[in-house]
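For reference, the structure is listed below as structure tokens.
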Amino acid sequence: MAVIDLANPTRFLALVQRVLPWLAALTLIAFVAGIVMAANAPDDYQQGATVKIMFLHVPAAWLAMLGWSVMSVAALGTLVWRHPLADVAGKAAAPIGAALTLLCLVTGSLWGRPMWGTYWVWDARLTSVLVLFIMYLGVIAIYWTAEDPGRGARAAAILTLVGAVNIPIIKFSVDWWNTLHQPASVMRLGGSAIDPSILYPLLVMAIAFTLLFVTLHLAAMRNEILRRRVRAMMMTRAQTLAGARA
Amino acid sequence: MTVLGMDLGTHAGFIIAAYAAAIVVVAGLIVWVVADHAAQKRLLGELEKQGVTRRSQKQP
């Protein structure tokens, strides 16, 4: 099967049907491995056991940005090629990205209180992630309230591409401004600053969260395709009933 | 505080709350996807029972 064939919703559904159980099983295995490794990871010499919050917070933050990046690519597909599957991908990713951004904010606050002495501070990193969360909610609101799904999809795609500017701002906010949030310690020039005993559990948890995102995204795309079929059939039935009355 | 054999120190409450939040968010997403799939399949089944078809399914 050529990659271009997957742009056909029916073929895409058949592929999802086949790969979803395997992806779900892989996700479960990765989470079990990640949680066992995280539980056995040593305490940080400065932060103590609170470093265990990092195994949730950092993957959630990565996926929050990945989610918007996926939506941005999908938005290009909607606006440039006007492909319905691109719109399906964007719409399906939004709630998942929003949920993971919320998790990033909540776990960050719960980590910040014992380490910084406060749940929240209006520094560039925290504020830009909060803006990302609000933009996710905005995109979801557009998708779910638009009377014409086509116009709603285009409006959501434009907001998504405008909001993509925020992704590098989030990433580099800790370098560009003086923030309470620590600078990058995993993906940085010169290699990771984290000891392998803590880095490896973090990477396994990141893989687990990424697999979770992919699994949920494919499942949500399948649901969205089915929802559009239901809508199309309801429109057909309404037209038939209107024709019979005329 | 010791939880499941792990010494979580004096900030155990924050660690437990973070993991509880993760469980709620992940479980919520899974329930949403599974419930939505069931709902769409049910609606499709009802429409097909009524003989409604999509345009692409109609005979030429």
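Residue numbering restarts at 1 for every chain of the structure tokens, chains are lettered A, B, ... in their displayed order, and ligands are numbered from 1 as they appear.
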
Within 8 Å of segment 15-23 of chain B, counting only C-alpha atoms, which residues qualify if same-chain residues fewer than 2 places away don't, as JSON, numbers by chain? {"A": [49, 50, 52, 53, 56, 103, 106, 107, 110, 111], "B": [8, 11, 12, 13, 25, 26, 27]}

Could you dump the residues just selected with N, CA and C atoms as a PDB file, in the first residue's frame?
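Final output, saved to out_16.pdb:
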ATOM      1  N   ALA A  49      13.043  13.420  46.535  1.00  0.00           N
ATOM      2  CA  ALA A  49      12.109  12.554  45.809  1.00  0.00           C
ATOM      3  C   ALA A  49      11.201  13.330  44.857  1.00  0.00           C
ATOM      4  N   THR A  50      11.142  14.653  44.999  1.00  0.00           N
ATOM      5  CA  THR A  50      10.238  15.412  44.110  1.00  0.00           C
ATOM      6  C   THR A  50      10.669  15.316  42.643  1.00  0.00           C
ATOM      7  N   LYS A  52      10.723  12.815  41.054  1.00  0.00           N
ATOM      8  CA  LYS A  52       9.820  11.840  40.414  1.00  0.00           C
ATOM      9  C   LYS A  52       8.707  12.547  39.642  1.00  0.00           C
ATOM     10  N   ILE A  53       8.389  13.789  39.995  1.00  0.00           N
ATOM     11  CA  ILE A  53       7.374  14.551  39.258  1.00  0.00           C
ATOM     12  C   ILE A  53       7.878  14.853  37.841  1.00  0.00           C
ATOM     13  N   LEU A  56       6.740  12.810  34.819  1.00  0.00           N
ATOM     14  CA  LEU A  56       5.433  13.120  34.230  1.00  0.00           C
ATOM     15  C   LEU A  56       5.455  14.481  33.548  1.00  0.00           C
ATOM     16  N   LEU A 103      -1.973  18.774  32.011  1.00  0.00           N
ATOM     17  CA  LEU A 103      -1.176  17.914  32.900  1.00  0.00           C
ATOM     18  C   LEU A 103       0.203  18.541  33.154  1.00  0.00           C
ATOM     19  N   VAL A 106      -0.327  21.427  35.643  1.00  0.00           N
ATOM     20  CA  VAL A 106      -0.667  20.964  37.000  1.00  0.00           C
ATOM     21  C   VAL A 106       0.553  20.337  37.670  1.00  0.00           C
ATOM     22  N   THR A 107       1.254  19.448  36.946  1.00  0.00           N
ATOM     23  CA  THR A 107       2.424  18.798  37.557  1.00  0.00           C
ATOM     24  C   THR A 107       3.545  19.817  37.788  1.00  0.00           C
ATOM     25  N   LEU A 110       2.671  21.598  40.968  1.00  0.00           N
ATOM     26  CA  LEU A 110       2.891  20.722  42.129  1.00  0.00           C
ATOM     27  C   LEU A 110       4.389  20.504  42.384  1.00  0.00           C
ATOM     28  N   TRP A 111       5.200  20.636  41.365  1.00  0.00           N
ATOM     29  CA  TRP A 111       6.659  20.526  41.511  1.00  0.00           C
ATOM     30  C   TRP A 111       7.229  21.871  41.995  1.00  0.00           C
TER      31      TRP A 111
ATOM     32  N   LEU B   8       9.199   8.804  49.929  1.00  0.00           N
ATOM     33  CA  LEU B   8       8.922  10.007  49.130  1.00  0.00           C
ATOM     34  C   LEU B   8       9.253  11.290  49.888  1.00  0.00           C
ATOM     35  N   HIS B  11       7.868  15.805  50.923  1.00  0.00           N
ATOM     36  CA  HIS B  11       6.968  16.382  49.913  1.00  0.00           C
ATOM     37  C   HIS B  11       6.136  15.301  49.215  1.00  0.00           C
ATOM     38  N   ALA B  12       5.873  14.206  49.938  1.00  0.00           N
ATOM     39  CA  ALA B  12       5.148  13.077  49.348  1.00  0.00           C
ATOM     40  C   ALA B  12       3.796  13.499  48.786  1.00  0.00           C
ATOM     41  N   GLY B  13       3.117  14.404  49.471  1.00  0.00           N
ATOM     42  CA  GLY B  13       1.789  14.843  49.045  1.00  0.00           C
ATOM     43  C   GLY B  13       1.804  15.419  47.633  1.00  0.00           C
ATOM     44  N   VAL B  25      -5.987  12.367  34.031  1.00  0.00           N
ATOM     45  CA  VAL B  25      -5.931  12.899  32.656  1.00  0.00           C
ATOM     46  C   VAL B  25      -5.851  11.759  31.636  1.00  0.00           C
ATOM     47  N   VAL B  26      -4.961  10.796  31.869  1.00  0.00           N
ATOM     48  CA  VAL B  26      -4.792   9.688  30.908  1.00  0.00           C
ATOM     49  C   VAL B  26      -6.063   8.833  30.859  1.00  0.00           C
ATOM     50  N   ALA B  27      -6.619   8.512  32.040  1.00  0.00           N
ATOM     51  CA  ALA B  27      -7.845   7.707  32.075  1.00  0.00           C
ATOM     52  C   ALA B  27      -8.989   8.461  31.393  1.00  0.00           C
TER      53      ALA B  27
END

So which residues touch segment 202-204 of chain A within 8 Å, counting only C-alpha atoms, skipping near sequence neighbours fewer than 5 positions away, as a ChimeraX atom specification? /A:30-31,33-34,38,54-55,58-59

For chain A, which residues have at least one atom within 9 Å of chain B, if we go by only C-alpha atoms? Write them as a ChimeraX atom specification, please. /A:39-40,43,48-53,56-57,95-96,99-100,102-103,106-108,110-111,113-114,212,216,219-220,222-224,226-227,229-230,232-234,236-237

Running DSSP on the backbone, which parts of chain B land in alpha helix (DSSP H), as an NGL selection string? :B and (12-49)

Quick one: write out the picked residues with C-alpha atoms as a PDB file, in the first residue's frame?
ATOM      1  CA  ALA B  12       5.148  13.077  49.348  1.00  0.00           C
ATOM      2  CA  GLY B  13       1.789  14.843  49.045  1.00  0.00           C
ATOM      3  CA  PHE B  14       2.941  16.810  45.980  1.00  0.00           C
ATOM      4  CA  ILE B  15       4.358  13.687  44.291  1.00  0.00           C
ATOM      5  CA  ILE B  16       1.195  11.655  44.956  1.00  0.00           C
ATOM      6  CA  ALA B  17      -0.996  14.531  43.727  1.00  0.00           C
ATOM      7  CA  ALA B  18       1.045  14.792  40.484  1.00  0.00           C
ATOM      8  CA  TYR B  19       0.710  11.061  39.744  1.00  0.00           C
ATOM      9  CA  ALA B  20      -2.998  11.157  40.643  1.00  0.00           C
ATOM     10  CA  ALA B  21      -3.466  14.047  38.187  1.00  0.00           C
ATOM     11  CA  ALA B  22      -1.670  12.040  35.479  1.00  0.00           C
ATOM     12  CA  ILE B  23      -3.920   9.024  36.109  1.00  0.00           C
ATOM     13  CA  VAL B  24      -7.043  11.210  35.908  1.00  0.00           C
ATOM     14  CA  VAL B  25      -5.931  12.899  32.656  1.00  0.00           C
ATOM     15  CA  VAL B  26      -4.792   9.688  30.908  1.00  0.00           C
ATOM     16  CA  ALA B  27      -7.845   7.707  32.075  1.00  0.00           C
ATOM     17  CA  GLY B  28     -10.098  10.578  31.000  1.00  0.00           C
ATOM     18  CA  LEU B  29      -8.603  10.595  27.499  1.00  0.00           C
ATOM     19  CA  ILE B  30      -8.951   6.810  27.162  1.00  0.00           C
ATOM     20  CA  VAL B  31     -12.585   6.861  28.377  1.00  0.00           C
ATOM     21  CA  TRP B  32     -13.386   9.749  25.984  1.00  0.00           C
ATOM     22  CA  VAL B  33     -11.934   7.925  22.951  1.00  0.00           C
ATOM     23  CA  VAL B  34     -13.565   4.568  23.788  1.00  0.00           C
ATOM     24  CA  ALA B  35     -16.978   6.095  24.630  1.00  0.00           C
ATOM     25  CA  ASP B  36     -16.932   8.281  21.508  1.00  0.00           C
ATOM     26  CA  HIS B  37     -16.133   5.261  19.330  1.00  0.00           C
ATOM     27  CA  ALA B  38     -19.013   3.289  20.857  1.00  0.00           C
ATOM     28  CA  ALA B  39     -21.396   6.228  20.344  1.00  0.00           C
ATOM     29  CA  GLN B  40     -20.449   6.719  16.667  1.00  0.00           C
ATOM     30  CA  LYS B  41     -20.697   2.976  15.941  1.00  0.00           C
ATOM     31  CA  ARG B  42     -24.148   2.887  17.569  1.00  0.00           C
ATOM     32  CA  LEU B  43     -25.368   5.868  15.505  1.00  0.00           C
ATOM     33  CA  LEU B  44     -23.971   4.346  12.293  1.00  0.00           C
ATOM     34  CA  GLY B  45     -25.687   1.039  13.099  1.00  0.00           C
ATOM     35  CA  GLU B  46     -29.039   2.762  13.715  1.00  0.00           C
ATOM     36  CA  LEU B  47     -28.824   4.712  10.437  1.00  0.00           C
ATOM     37  CA  GLU B  48     -27.855   1.610   8.451  1.00  0.00           C
ATOM     38  CA  LYS B  49     -30.810  -0.272   9.997  1.00  0.00           C
TER      39      LYS B  49
END

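Closest approach to Val165 of chain A among A:Trp62, A:Pro84, A:Met135, A:Phe209: A:Met135, based on only C-alpha atoms.
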